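See below for entry.cif, which holds mmCIF, C-alpha atoms.
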```
data_query
loop_
_atom_site.label_atom_id
_atom_site.label_comp_id
_atom_site.auth_asym_id
_atom_site.auth_seq_id
_atom_site.Cartn_x
_atom_site.Cartn_y
_atom_site.Cartn_z
CA MET A 10 -22.41 -19.99 25.34
CA GLU A 11 -21.39 -21.77 22.19
CA LYS A 12 -17.85 -21.00 21.10
CA LYS A 13 -17.49 -18.64 18.15
CA ILE A 14 -15.38 -19.89 15.27
CA ILE A 15 -12.50 -17.67 14.17
CA ALA A 16 -10.34 -17.86 11.04
CA THR A 17 -7.32 -15.69 10.32
CA THR A 18 -4.97 -15.18 7.41
CA SER A 19 -2.02 -13.04 6.40
CA LEU A 20 -2.18 -11.85 2.78
CA ALA A 21 0.39 -9.23 1.71
CA GLY A 22 1.37 -8.61 5.32
CA CYS A 23 4.35 -9.25 7.56
CA PHE A 24 2.58 -11.35 10.24
CA GLY A 25 3.09 -8.44 12.63
CA CYS A 26 -0.66 -8.20 13.20
CA HIS A 27 -0.77 -11.90 14.10
CA MET A 28 2.09 -11.23 16.51
CA SER A 29 0.04 -8.45 18.01
CA VAL A 30 -2.81 -10.92 18.60
CA LEU A 31 -0.34 -12.95 20.66
CA ASP A 32 0.42 -9.76 22.61
CA ILE A 33 -2.83 -10.28 24.52
CA ASP A 34 -0.56 -12.47 26.67
CA GLU A 35 -2.29 -14.64 29.28
CA ARG A 36 -5.68 -13.47 28.04
CA ILE A 37 -5.17 -16.02 25.28
CA LEU A 38 -6.40 -18.56 27.89
CA GLU A 39 -9.63 -16.56 28.19
CA LEU A 40 -9.81 -16.27 24.43
CA ILE A 41 -9.76 -20.02 23.87
CA GLU A 42 -12.69 -20.31 26.27
CA LEU A 43 -14.61 -17.95 23.99
CA VAL A 44 -13.49 -19.06 20.54
CA GLU A 45 -12.32 -21.97 18.45
CA PHE A 46 -9.85 -21.40 15.64
CA ASN A 47 -10.50 -22.83 12.20
CA LYS A 48 -8.41 -22.02 9.10
CA SER A 49 -5.53 -20.01 10.51
CA PRO A 50 -1.73 -19.98 10.73
CA VAL A 51 -2.26 -20.12 14.52
CA ASP A 52 -3.35 -23.79 14.40
CA ASP A 53 -2.09 -24.50 10.86
CA ILE A 54 -5.51 -25.59 9.55
CA LYS A 55 -5.17 -24.99 5.80
CA THR A 56 -8.78 -25.13 4.59
CA PHE A 57 -12.16 -24.16 6.00
CA THR A 58 -13.79 -27.17 7.66
CA LYS A 59 -16.93 -25.44 8.93
CA PRO A 60 -18.77 -22.11 8.69
CA VAL A 61 -16.82 -19.38 10.46
CA ASP A 62 -18.22 -16.51 12.54
CA ILE A 63 -15.32 -14.05 12.42
CA GLY A 64 -12.61 -13.87 9.77
CA ILE A 65 -9.58 -11.70 10.51
CA ILE A 66 -7.57 -10.46 7.54
CA GLU A 67 -4.04 -9.16 7.80
CA GLY A 68 -2.41 -7.57 4.75
CA GLY A 69 -3.72 -6.22 1.46
CA CYS A 70 -3.99 -7.98 -1.89
CA CYS A 71 -0.83 -7.93 -4.01
CA ASN A 72 -1.34 -11.08 -6.10
CA SER A 73 -4.01 -13.44 -7.45
CA GLU A 74 -3.60 -15.87 -4.55
CA ASN A 75 -4.36 -13.10 -2.04
CA VAL A 76 -7.57 -12.29 -3.93
CA GLU A 77 -8.59 -15.96 -4.00
CA VAL A 78 -7.95 -16.41 -0.26
CA LEU A 79 -9.77 -13.18 0.56
CA ARG A 80 -12.79 -14.21 -1.51
CA SER A 81 -12.87 -17.63 0.18
CA PHE A 82 -12.84 -15.83 3.54
CA ARG A 83 -15.78 -13.68 2.48
CA LYS A 84 -17.62 -16.80 1.36
CA ASN A 85 -16.98 -18.74 4.56
CA CYS A 86 -17.09 -16.03 7.23
CA LYS A 87 -20.11 -14.18 8.56
CA ILE A 88 -18.03 -11.19 9.65
CA LEU A 89 -14.77 -10.00 8.14
CA ILE A 90 -12.32 -7.71 9.93
CA SER A 91 -9.50 -5.82 8.22
CA LEU A 92 -6.69 -5.89 10.76
CA GLY A 93 -3.89 -3.33 10.42
CA GLU A 94 -2.74 -0.71 7.95
CA CYS A 95 -1.88 -3.13 5.11
CA ALA A 96 -5.38 -4.64 5.05
CA ILE A 97 -6.92 -1.18 5.29
CA MET A 98 -4.79 0.81 2.86
CA GLY A 99 -2.23 -1.54 1.29
CA GLY A 100 0.53 -0.51 3.68
CA LEU A 101 4.21 -0.96 2.95
CA PRO A 102 3.67 -3.22 -0.11
CA ALA A 103 1.51 -0.44 -1.60
CA LEU A 104 4.62 1.74 -1.92
CA ARG A 105 4.96 0.06 -5.32
CA ASN A 106 1.59 1.41 -6.41
CA GLY A 107 2.07 3.98 -9.14
CA ILE A 108 5.26 2.30 -10.39
CA PRO A 109 4.63 0.11 -13.48
CA ILE A 110 4.82 -3.58 -12.61
CA GLU A 111 7.52 -4.22 -15.23
CA GLU A 112 9.74 -1.59 -13.66
CA CYS A 113 9.27 -3.22 -10.22
CA LEU A 114 10.20 -6.68 -11.53
CA ASN A 115 13.19 -5.36 -13.45
CA GLU A 116 14.47 -3.59 -10.36
CA ALA A 117 13.95 -6.66 -8.18
CA TYR A 118 15.33 -9.35 -10.50
CA ILE A 119 17.48 -7.71 -13.18
CA ASN A 120 18.78 -4.21 -12.43
CA GLY A 121 18.92 -4.18 -8.62
CA PRO A 122 22.36 -4.11 -6.98
CA THR A 123 21.84 -7.47 -5.22
CA VAL A 124 20.75 -9.66 -8.16
CA GLY A 125 24.23 -10.87 -9.15
CA LEU A 126 23.27 -14.58 -9.28
CA ASN A 127 20.51 -14.02 -11.84
CA THR A 128 22.99 -13.93 -14.73
CA GLN A 129 20.39 -15.04 -17.29
CA HIS A 130 18.12 -12.13 -16.33
CA ILE A 131 15.09 -14.36 -15.69
CA LEU A 132 11.88 -12.91 -14.33
CA PRO A 133 9.90 -15.43 -12.24
CA ASN A 134 7.22 -16.84 -14.56
CA ASP A 135 6.41 -20.34 -13.28
CA ASP A 136 2.75 -21.40 -13.57
CA GLU A 137 2.81 -22.29 -9.87
CA LEU A 138 3.49 -18.69 -8.92
CA PRO A 139 0.53 -16.38 -8.34
CA MET A 140 0.31 -13.45 -10.74
CA LEU A 141 1.15 -10.04 -9.33
CA LEU A 142 -1.67 -7.53 -9.48
CA ASP A 143 -1.19 -4.16 -11.18
CA LYS A 144 -1.11 -2.59 -7.72
CA VAL A 145 -1.67 -3.56 -4.10
CA TYR A 146 -5.36 -3.29 -3.20
CA PRO A 147 -6.86 -2.62 0.22
CA CYS A 148 -9.11 -5.57 1.17
CA HIS A 149 -12.32 -3.54 1.12
CA GLU A 150 -11.73 -2.70 -2.54
CA ILE A 151 -11.94 -6.46 -3.33
CA VAL A 152 -14.69 -7.76 -0.99
CA LYS A 153 -17.03 -6.24 1.57
CA ILE A 154 -15.30 -5.76 4.93
CA ASP A 155 -17.43 -5.32 8.05
CA TYR A 156 -14.99 -3.85 10.57
CA TYR A 157 -11.61 -2.11 10.50
CA LEU A 158 -8.96 -2.12 13.21
CA PRO A 159 -6.17 0.32 12.30
CA GLY A 160 -2.59 0.26 13.53
CA CYS A 161 0.83 -0.99 12.48
CA PRO A 162 0.31 -3.28 14.23
CA PRO A 163 -3.03 -2.66 15.96
CA SER A 164 -2.40 -2.81 19.69
CA ALA A 165 -3.29 -5.98 21.58
CA GLU A 166 -5.76 -3.88 23.62
CA LEU A 167 -7.63 -2.84 20.48
CA ILE A 168 -7.75 -6.40 19.16
CA TRP A 169 -8.83 -7.82 22.51
CA ASP A 170 -11.50 -5.17 23.19
CA ALA A 171 -12.92 -5.43 19.68
CA LEU A 172 -12.98 -9.25 19.68
CA VAL A 173 -14.59 -9.49 23.12
CA ALA A 174 -17.21 -6.90 22.18
CA LEU A 175 -17.96 -8.74 18.96
CA ILE A 176 -18.14 -12.18 20.58
CA THR A 177 -20.15 -11.21 23.65
CA GLY A 178 -22.26 -8.56 21.89
CA SER A 179 -21.24 -5.92 24.43
CA LYS A 180 -20.75 -2.24 23.65
CA LEU A 181 -17.33 -1.23 22.37
CA ASP A 182 -16.01 1.92 24.01
CA LEU A 183 -12.49 2.55 22.79
CA PRO A 184 -10.20 4.94 24.67
CA TYR A 185 -8.38 7.59 22.58
CA GLU A 186 -4.96 5.98 22.97
CA VAL A 187 -6.06 2.68 21.47
CA ILE A 188 -6.67 3.85 17.90
CA LYS A 189 -3.36 4.67 16.26
CA PHE A 190 -2.20 4.39 12.66
CA ASP A 191 1.40 3.53 13.55
CA MET B 13 -11.06 50.68 22.13
CA THR B 14 -12.28 47.67 20.23
CA ASN B 15 -15.97 46.92 19.98
CA LYS B 16 -17.17 43.85 21.78
CA ILE B 17 -19.70 41.70 19.99
CA LYS B 18 -21.71 38.64 20.95
CA ILE B 19 -22.05 35.50 18.83
CA LYS B 20 -23.53 32.11 19.54
CA ILE B 21 -21.72 28.87 18.74
CA ASP B 22 -23.91 25.76 19.12
CA GLY B 23 -26.18 27.80 21.37
CA LYS B 24 -23.36 28.93 23.68
CA GLU B 25 -23.00 32.71 23.81
CA ILE B 26 -19.46 34.08 23.58
CA ILE B 27 -18.09 37.60 23.59
CA THR B 28 -15.35 38.60 21.19
CA ASP B 29 -13.75 41.63 19.54
CA GLN B 30 -15.12 42.97 16.29
CA GLY B 31 -12.86 42.05 13.39
CA LYS B 32 -11.86 38.63 14.72
CA THR B 33 -12.62 35.59 12.63
CA ILE B 34 -15.02 32.97 13.96
CA VAL B 35 -12.16 30.49 14.45
CA GLU B 36 -10.20 33.00 16.55
CA ALA B 37 -13.26 33.88 18.61
CA ALA B 38 -14.11 30.23 19.20
CA HIS B 39 -10.59 29.20 20.19
CA GLU B 40 -10.25 32.13 22.61
CA ASN B 41 -13.46 31.00 24.27
CA GLY B 42 -12.51 27.35 24.62
CA ILE B 43 -14.52 26.04 21.67
CA PHE B 44 -12.58 23.86 19.24
CA ILE B 45 -13.05 24.29 15.51
CA PRO B 46 -10.61 22.06 13.60
CA THR B 47 -8.23 23.76 11.15
CA LEU B 48 -5.49 22.58 8.84
CA CYS B 49 -4.47 25.30 6.38
CA ASN B 50 -5.05 28.08 8.90
CA PHE B 51 -1.94 29.19 10.76
CA ALA B 52 -1.66 31.79 13.51
CA GLY B 53 0.14 34.86 12.24
CA ALA B 54 -0.50 34.19 8.57
CA LEU B 55 -3.40 35.36 6.44
CA PRO B 56 -6.22 32.79 6.36
CA LYS B 57 -6.83 31.12 3.03
CA GLY B 58 -9.87 28.92 3.58
CA CYS B 59 -8.67 26.21 1.19
CA CYS B 60 -8.77 23.02 3.26
CA ARG B 61 -12.42 23.50 4.40
CA MET B 62 -11.74 21.71 7.70
CA CYS B 63 -13.07 24.66 9.69
CA THR B 64 -16.40 24.54 7.88
CA ILE B 65 -19.31 25.70 10.00
CA LYS B 66 -22.90 26.57 9.23
CA ILE B 67 -24.37 30.05 9.46
CA ASN B 68 -27.95 30.68 8.32
CA ASN B 69 -28.00 27.14 6.95
CA ARG B 70 -25.03 27.89 4.70
CA PHE B 71 -21.63 26.24 4.87
CA MET B 72 -18.87 28.80 5.50
CA THR B 73 -15.19 28.58 6.43
CA SER B 74 -14.75 29.96 9.90
CA CYS B 75 -11.10 30.94 9.37
CA THR B 76 -12.04 33.51 6.72
CA THR B 77 -15.43 34.66 8.03
CA PRO B 78 -15.33 37.57 10.50
CA ALA B 79 -17.55 37.23 13.52
CA ALA B 80 -20.54 39.58 13.40
CA HIS B 81 -22.83 40.61 16.23
CA GLY B 82 -25.75 38.26 16.73
CA MET B 83 -24.34 35.53 14.48
CA GLU B 84 -25.57 32.00 15.23
CA VAL B 85 -23.00 29.36 14.31
CA GLU B 86 -23.42 25.60 14.07
CA ASN B 87 -20.14 23.84 14.79
CA ASN B 88 -20.23 20.51 16.59
CA THR B 89 -23.16 18.84 14.83
CA ASN B 90 -23.38 15.39 13.29
CA GLU B 91 -23.74 16.82 9.79
CA ILE B 92 -20.71 19.11 10.04
CA ASN B 93 -18.57 16.52 11.80
CA ASP B 94 -19.30 13.99 9.05
CA PHE B 95 -18.47 16.65 6.46
CA ARG B 96 -15.12 17.27 8.18
CA LYS B 97 -14.44 13.56 8.46
CA GLY B 98 -15.11 13.32 4.72
CA ILE B 99 -12.46 15.99 4.06
CA ILE B 100 -9.92 14.11 6.18
CA GLU B 101 -10.73 10.92 4.27
CA LEU B 102 -10.36 12.69 0.93
CA LEU B 103 -6.94 13.99 1.98
CA PHE B 104 -5.89 10.48 3.01
CA VAL B 105 -6.91 8.88 -0.30
CA SER B 106 -5.62 11.68 -2.54
CA GLY B 107 -2.03 11.45 -1.29
CA ASN B 108 0.16 8.61 -0.09
CA HIS B 109 -0.22 8.93 3.66
CA PHE B 110 1.47 5.84 5.03
CA CYS B 111 1.63 6.67 8.74
CA PRO B 112 3.84 3.79 9.99
CA SER B 113 6.83 5.00 7.93
CA CYS B 114 6.30 8.73 8.45
CA GLU B 115 8.52 10.66 10.82
CA LYS B 116 5.73 13.12 11.59
CA SER B 117 3.45 10.34 12.85
CA GLY B 118 2.22 11.24 16.32
CA ASN B 119 2.85 14.94 15.70
CA CYS B 120 0.85 15.15 12.46
CA GLU B 121 -2.25 17.33 12.46
CA LEU B 122 -3.95 15.41 9.66
CA GLN B 123 -3.46 12.13 11.52
CA ALA B 124 -4.57 13.72 14.80
CA LEU B 125 -7.76 14.95 13.16
CA ALA B 126 -8.36 11.46 11.78
CA TYR B 127 -8.03 10.13 15.35
CA ARG B 128 -10.34 12.80 16.71
CA TYR B 129 -13.01 12.09 14.11
CA GLN B 130 -12.38 8.31 14.47
CA MET B 131 -11.54 7.58 10.87
CA MET B 132 -11.13 3.80 10.69
CA VAL B 133 -11.06 3.65 6.89
CA PRO B 134 -11.71 6.29 4.20
CA ARG B 135 -15.05 5.93 2.41
CA PHE B 136 -13.36 6.80 -0.91
CA PRO B 137 -11.11 4.58 -3.06
CA TYR B 138 -7.38 5.15 -2.71
CA ASP B 139 -5.78 7.09 -5.54
CA PHE B 140 -2.13 6.03 -4.98
CA PRO B 141 -0.73 8.92 -7.04
CA MET B 142 2.87 8.80 -8.23
CA LYS B 143 4.69 11.63 -6.46
CA SER B 144 8.29 12.77 -6.16
CA VAL B 145 10.58 13.37 -3.21
CA ASP B 146 13.14 16.19 -3.29
CA GLY B 147 16.16 15.76 -1.05
CA SER B 148 18.47 18.27 -2.75
CA SER B 149 18.51 20.70 0.18
CA PRO B 150 21.09 19.96 2.88
CA TYR B 151 18.49 20.34 5.63
CA ILE B 152 15.08 19.53 4.12
CA ILE B 153 13.35 16.60 2.48
CA LYS B 154 10.26 17.75 0.57
CA ASP B 155 7.99 14.73 0.15
CA GLN B 156 5.14 15.39 -2.28
CA ASN B 157 3.44 12.11 -1.29
CA ARG B 158 2.31 13.68 1.97
CA CYS B 159 1.72 17.29 0.90
CA ILE B 160 -1.84 18.55 1.41
CA LEU B 161 -1.18 21.88 -0.38
CA CYS B 162 -2.17 23.95 2.65
CA LYS B 163 0.31 26.70 1.76
CA ARG B 164 1.46 27.12 5.36
CA CYS B 165 5.14 26.77 4.40
CA ILE B 166 4.74 29.22 1.53
CA LYS B 167 3.21 31.80 3.84
CA THR B 168 5.49 31.46 6.83
CA ILE B 169 8.96 30.46 5.63
CA LYS B 170 10.75 33.50 4.21
CA ASP B 171 14.30 34.88 4.26
CA ASP B 172 15.37 38.30 5.61
CA LEU B 173 14.40 39.99 2.36
CA GLY B 174 10.92 38.48 2.48
CA ARG B 175 11.58 35.99 -0.32
CA HIS B 176 9.64 32.72 -0.12
CA TYR B 177 11.48 29.41 0.05
CA PHE B 178 8.43 27.46 -1.07
CA ALA B 179 6.09 28.10 -4.01
CA PHE B 180 3.23 26.54 -5.95
CA LYS B 181 3.99 24.88 -9.28
CA GLU B 182 1.46 23.86 -11.96
CA ARG B 183 -2.30 23.87 -11.40
CA GLY B 184 -5.25 21.58 -10.76
CA HIS B 185 -4.35 17.96 -10.05
CA LYS B 186 -0.72 18.68 -10.98
CA LEU B 187 -0.38 21.37 -8.31
CA GLU B 188 2.66 20.92 -6.07
CA VAL B 189 4.48 22.90 -3.42
CA LEU B 190 8.14 23.07 -4.37
CA LEU B 191 11.18 24.12 -2.41
CA ASP B 192 13.21 26.62 -4.45
CA GLU B 193 16.29 24.75 -5.67
CA LYS B 194 18.80 27.56 -5.06
CA MET B 195 17.29 28.91 -1.84
CA GLY B 196 16.78 25.37 -0.54
CA LYS B 197 20.55 24.84 -0.68
CA GLU B 198 21.15 27.98 1.38
CA ILE B 199 18.39 27.57 3.99
CA SER B 200 19.59 27.72 7.60
CA SER B 201 19.10 24.73 9.83
CA ALA B 202 16.92 26.78 12.23
CA LEU B 203 14.57 27.86 9.43
CA ALA B 204 14.45 24.31 8.08
CA LYS B 205 13.38 23.09 11.53
CA LYS B 206 10.71 25.78 11.64
CA ALA B 207 9.48 24.68 8.21
CA MET B 208 9.07 21.13 9.51
CA GLU B 209 7.19 22.41 12.58
CA ASN B 210 4.89 24.62 10.52
CA CYS B 211 4.01 21.78 8.13
CA PRO B 212 0.83 20.12 9.43
CA VAL B 213 1.82 16.78 7.87
CA GLY B 214 5.12 15.02 7.13
CA SER B 215 5.76 16.69 3.79
CA ILE B 216 8.67 18.79 5.08
CA ILE B 217 11.14 16.70 7.04
CA PHE B 218 14.25 18.07 8.71
CA LYS B 219 17.30 16.03 7.75
CA GLU B 220 19.97 14.49 9.98
CA VAL B 221 17.80 14.03 13.09
CA GLY B 222 15.04 11.47 12.91
CA PHE B 223 12.34 10.08 15.18
CA GLU B 224 13.68 12.15 18.05
CA VAL B 225 10.62 11.89 20.30
CA PRO B 226 9.79 8.28 21.21
CA ILE B 227 6.33 6.78 20.72
CA GLY B 228 4.25 7.57 23.77
CA GLN B 229 5.67 11.08 24.22
CA ARG B 230 4.54 12.64 20.96
CA LYS B 231 2.08 15.51 20.72
CA TYR B 232 -1.06 13.54 19.97
CA ASP B 233 -0.22 10.20 21.62
CA HIS B 234 -2.45 10.68 24.66
CA LYS B 235 -4.66 13.67 24.06
CA PRO B 236 -6.74 14.45 20.98
CA ILE B 237 -6.02 17.54 18.91
CA GLY B 238 -8.05 20.46 20.20
CA SER B 239 -8.08 19.29 23.82
CA GLU B 240 -5.64 22.11 24.63
CA ILE B 241 -8.30 24.59 23.45
CA GLU B 242 -11.43 23.04 24.88
CA ASN B 243 -12.51 23.83 28.40
#
```

Rendering of file as structure tokens:
Amino acid sequence: MEKKIIATTSLAGCFGCHMSVLDIDERILELIELVEFNKSPVDDIKTFTKPVDIGIIEGGCCNSENVEVLRSFRKNCKILISLGECAIMGGLPALRNGIPIEECLNEAYINGPTVGLNTQHILPNDDELPMLLDKVYPCHEIVKIDYYLPGCPPSAELIWDALVALITGSKLDLPYEVIKFD
Amino acid sequence: MTNKIKIKIDGKEIITDQGKTIVEAAHENGIFIPTLCNFAGALPKGCCRMCTIKINNRFMTSCTTPAAHGMEVENNTNEINDFRKGIIELLFVSGNHFCPSCEKSGNCELQALAYRYQMMVPRFPYDFPMKSVDGSSPYIIKDQNRCILCKRCIKTIKDDLGRHYFAFKERGHKLEVLLDEKMGKEISSALAKKAMENCPVGSIIFKEVGFEVPIGQRKYDHKPIGSEIEN
């Protein structure tokens, strides 16, 4: 069987979901028999070099760069998976949703108790920096997502079972304990 | 002596007492009908619509409908299950239900129902409403982000004189369940604990003790909600 190509990325996430992928332990040796990684922090390939079968997205979209990366994943991947609570519903970063963006920036850079060094009260505004979005968006509100794996992080069992089922085309029968939102 | 009546749920005949609601009859006979706002010992309200069933091709709430002799009820069908899943999804998008940071996670009925109906993602867009958190009581945190307005706390948490600690405020999309400011300061720790237990979600949190039961030992960690009823 030809190896499937996988790409992964962490948008507005904490890399916890990527850590959970590593929790498959020694099965990672089986995984590399089944798949080849392309653009991913796992192998540090920065750009897509070939068409990808499965794209795995961790984290929601909190800034313009996240949106751009997510759209490039949709363009280059046949199947996209939202991995974890942040990709599915915005997660922890989405706690800022509902608070005006100006208020968030003022709290973080001007009024917060730990901003003593910012004596000139500067808000980050360099052209190099991606623009913050008005709120944190779940991935499926930006592009079409094909599958969702919930959890914070999703358990290694869930990731492994889902990936193997997807790669080998076998039926996915998830036990009750595997799907958890926390 | 009470009159016994026969009803059919999904083709299975059960015997129950006249005057019981369909939900009571079903649960006594080992058939699970999901509920959220319904609470044993309190008057049913029928507001969450989780217990929706079909009788004579009409949707009804089984917590408010008394069982009648010869009734044929549809409960566990694809159509009704999808309807219920839709309600769970609506509740998830209309509040801020961030499970990983919630102390009720694992013991939460809304979350447990989402597991049971295998909600991977809500089909509706997230609302992300701006809600407040009230921590003025010495024993209770009332978090409006997670409140599903089921009224269970209003109905069941009262003082010796029968006065309610919780009450509705405003109407429509502004509707909130508030803890009375004065009574909230005087609530006993036992009653505050009961309030947290009676809340189906994590909207009422008991202060001082947190995350007491470790992951893996919580109510819905290993068995789906309703499995204690089903036989």

How would you write, as a ChimeraX atom specification, the residues chosen by the PyMOL selection byres ((chain A) within 12 of (chain B)) on this structure?
/A:90-109,143-151,154-163,183-191

I'd like to know which of B:Lys97, B:Lys181, B:Lys197, B:Arg70 is closest to Pro46 of chain B, using only C-alpha atoms.
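For Pro46 of chain B, the nearest of the given residues is B:Lys97.
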
Check which residues satisfy the PyMOL selection byres ((chain B and resi 25-28) around 10) in the file shown, then give them as an mmCIF file with C-alpha atoms, keeping the file's coordinate frame.
```cif
data_model
loop_
_atom_site.group_PDB
_atom_site.id
_atom_site.type_symbol
_atom_site.label_atom_id
_atom_site.label_comp_id
_atom_site.auth_asym_id
_atom_site.auth_seq_id
_atom_site.Cartn_x
_atom_site.Cartn_y
_atom_site.Cartn_z
ATOM 1 C CA THR B 14 -12.280 47.670 20.230
ATOM 2 C CA ASN B 15 -15.970 46.920 19.980
ATOM 3 C CA LYS B 16 -17.170 43.850 21.780
ATOM 4 C CA ILE B 17 -19.700 41.700 19.990
ATOM 5 C CA LYS B 18 -21.710 38.640 20.950
ATOM 6 C CA ILE B 19 -22.050 35.500 18.830
ATOM 7 C CA LYS B 20 -23.530 32.110 19.540
ATOM 8 C CA ILE B 21 -21.720 28.870 18.740
ATOM 9 C CA ASP B 22 -23.910 25.760 19.120
ATOM 10 C CA GLY B 23 -26.180 27.800 21.370
ATOM 11 C CA LYS B 24 -23.360 28.930 23.680
ATOM 12 C CA ASP B 29 -13.750 41.630 19.540
ATOM 13 C CA GLN B 30 -15.120 42.970 16.290
ATOM 14 C CA GLY B 31 -12.860 42.050 13.390
ATOM 15 C CA LYS B 32 -11.860 38.630 14.720
ATOM 16 C CA THR B 33 -12.620 35.590 12.630
ATOM 17 C CA ILE B 34 -15.020 32.970 13.960
ATOM 18 C CA GLU B 36 -10.200 33.000 16.550
ATOM 19 C CA ALA B 37 -13.260 33.880 18.610
ATOM 20 C CA ALA B 38 -14.110 30.230 19.200
ATOM 21 C CA GLU B 40 -10.250 32.130 22.610
ATOM 22 C CA ASN B 41 -13.460 31.000 24.270
ATOM 23 C CA GLY B 42 -12.510 27.350 24.620
ATOM 24 C CA ILE B 43 -14.520 26.040 21.670
ATOM 25 C CA ALA B 79 -17.550 37.230 13.520
ATOM 26 C CA ALA B 80 -20.540 39.580 13.400
ATOM 27 C CA HIS B 81 -22.830 40.610 16.230
ATOM 28 C CA GLY B 82 -25.750 38.260 16.730
ATOM 29 C CA MET B 83 -24.340 35.530 14.480
ATOM 30 C CA GLU B 84 -25.570 32.000 15.230
#
```

Given the PyMOL selection byres ((chain A and resi 45-47) around 10) and the file above, list the residues it selects as JSON, numbers by chain.
{"A": [11, 12, 13, 14, 15, 16, 17, 40, 41, 42, 43, 44, 48, 49, 50, 51, 52, 53, 54, 55, 56, 57, 58, 59, 60, 61, 62, 63, 64]}

Interatomic distance, atom CA of Cys113 of chain A to atom CA of Asp135 of chain A (Å, one decimal)
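Value for the atom CA of Cys113 of chain A-atom CA of Asp135 of chain A distance: 17.6 Å.
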
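Distances here use only C-alpha atoms; by that measure, the residue among B:Leu48, B:Leu55, B:Leu203, B:Met72 closest to Ile99 of chain B is B:Leu48.
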
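Distances here use all atoms listed in the file; by that measure, the residue among B:Thr77, B:Cys211, B:Gly222, B:Gln156 closest to Ser106 of chain B is B:Gln156.
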
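With atom CA of Arg36 of chain A on one side and atom CA of Thr177 of chain A on the other, the separation reads 15.3 Å.
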
Where's the centre, and what are the edge lengths in Å to one decimal, of a box along x, y and z enclosing all listed atoms of segment 59-68 of chain A padded 8 Å per side, as AutoDock Vina command-line options?
```
--center_x -10.6 --center_y -16.5 --center_z 8.6 --size_x 32.4 --size_y 33.9 --size_z 23.8
```

Might you pull out every residue within 12 Å of Ala204 of chain B, with all atoms listed in the file counted and same-chain residues fewer than 2 positions away left off, and present them as a PyMOL selection string?
chain B and resi 149-154+165+168-171+177-178+191+195-202+206-211+216-221

Have a look at atom CA of Arg83 of chain A and atom CA of Ile176 of chain A and let me know their distance in Å, one decimal.
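Distance reported for this atom pair: 18.3 Å.
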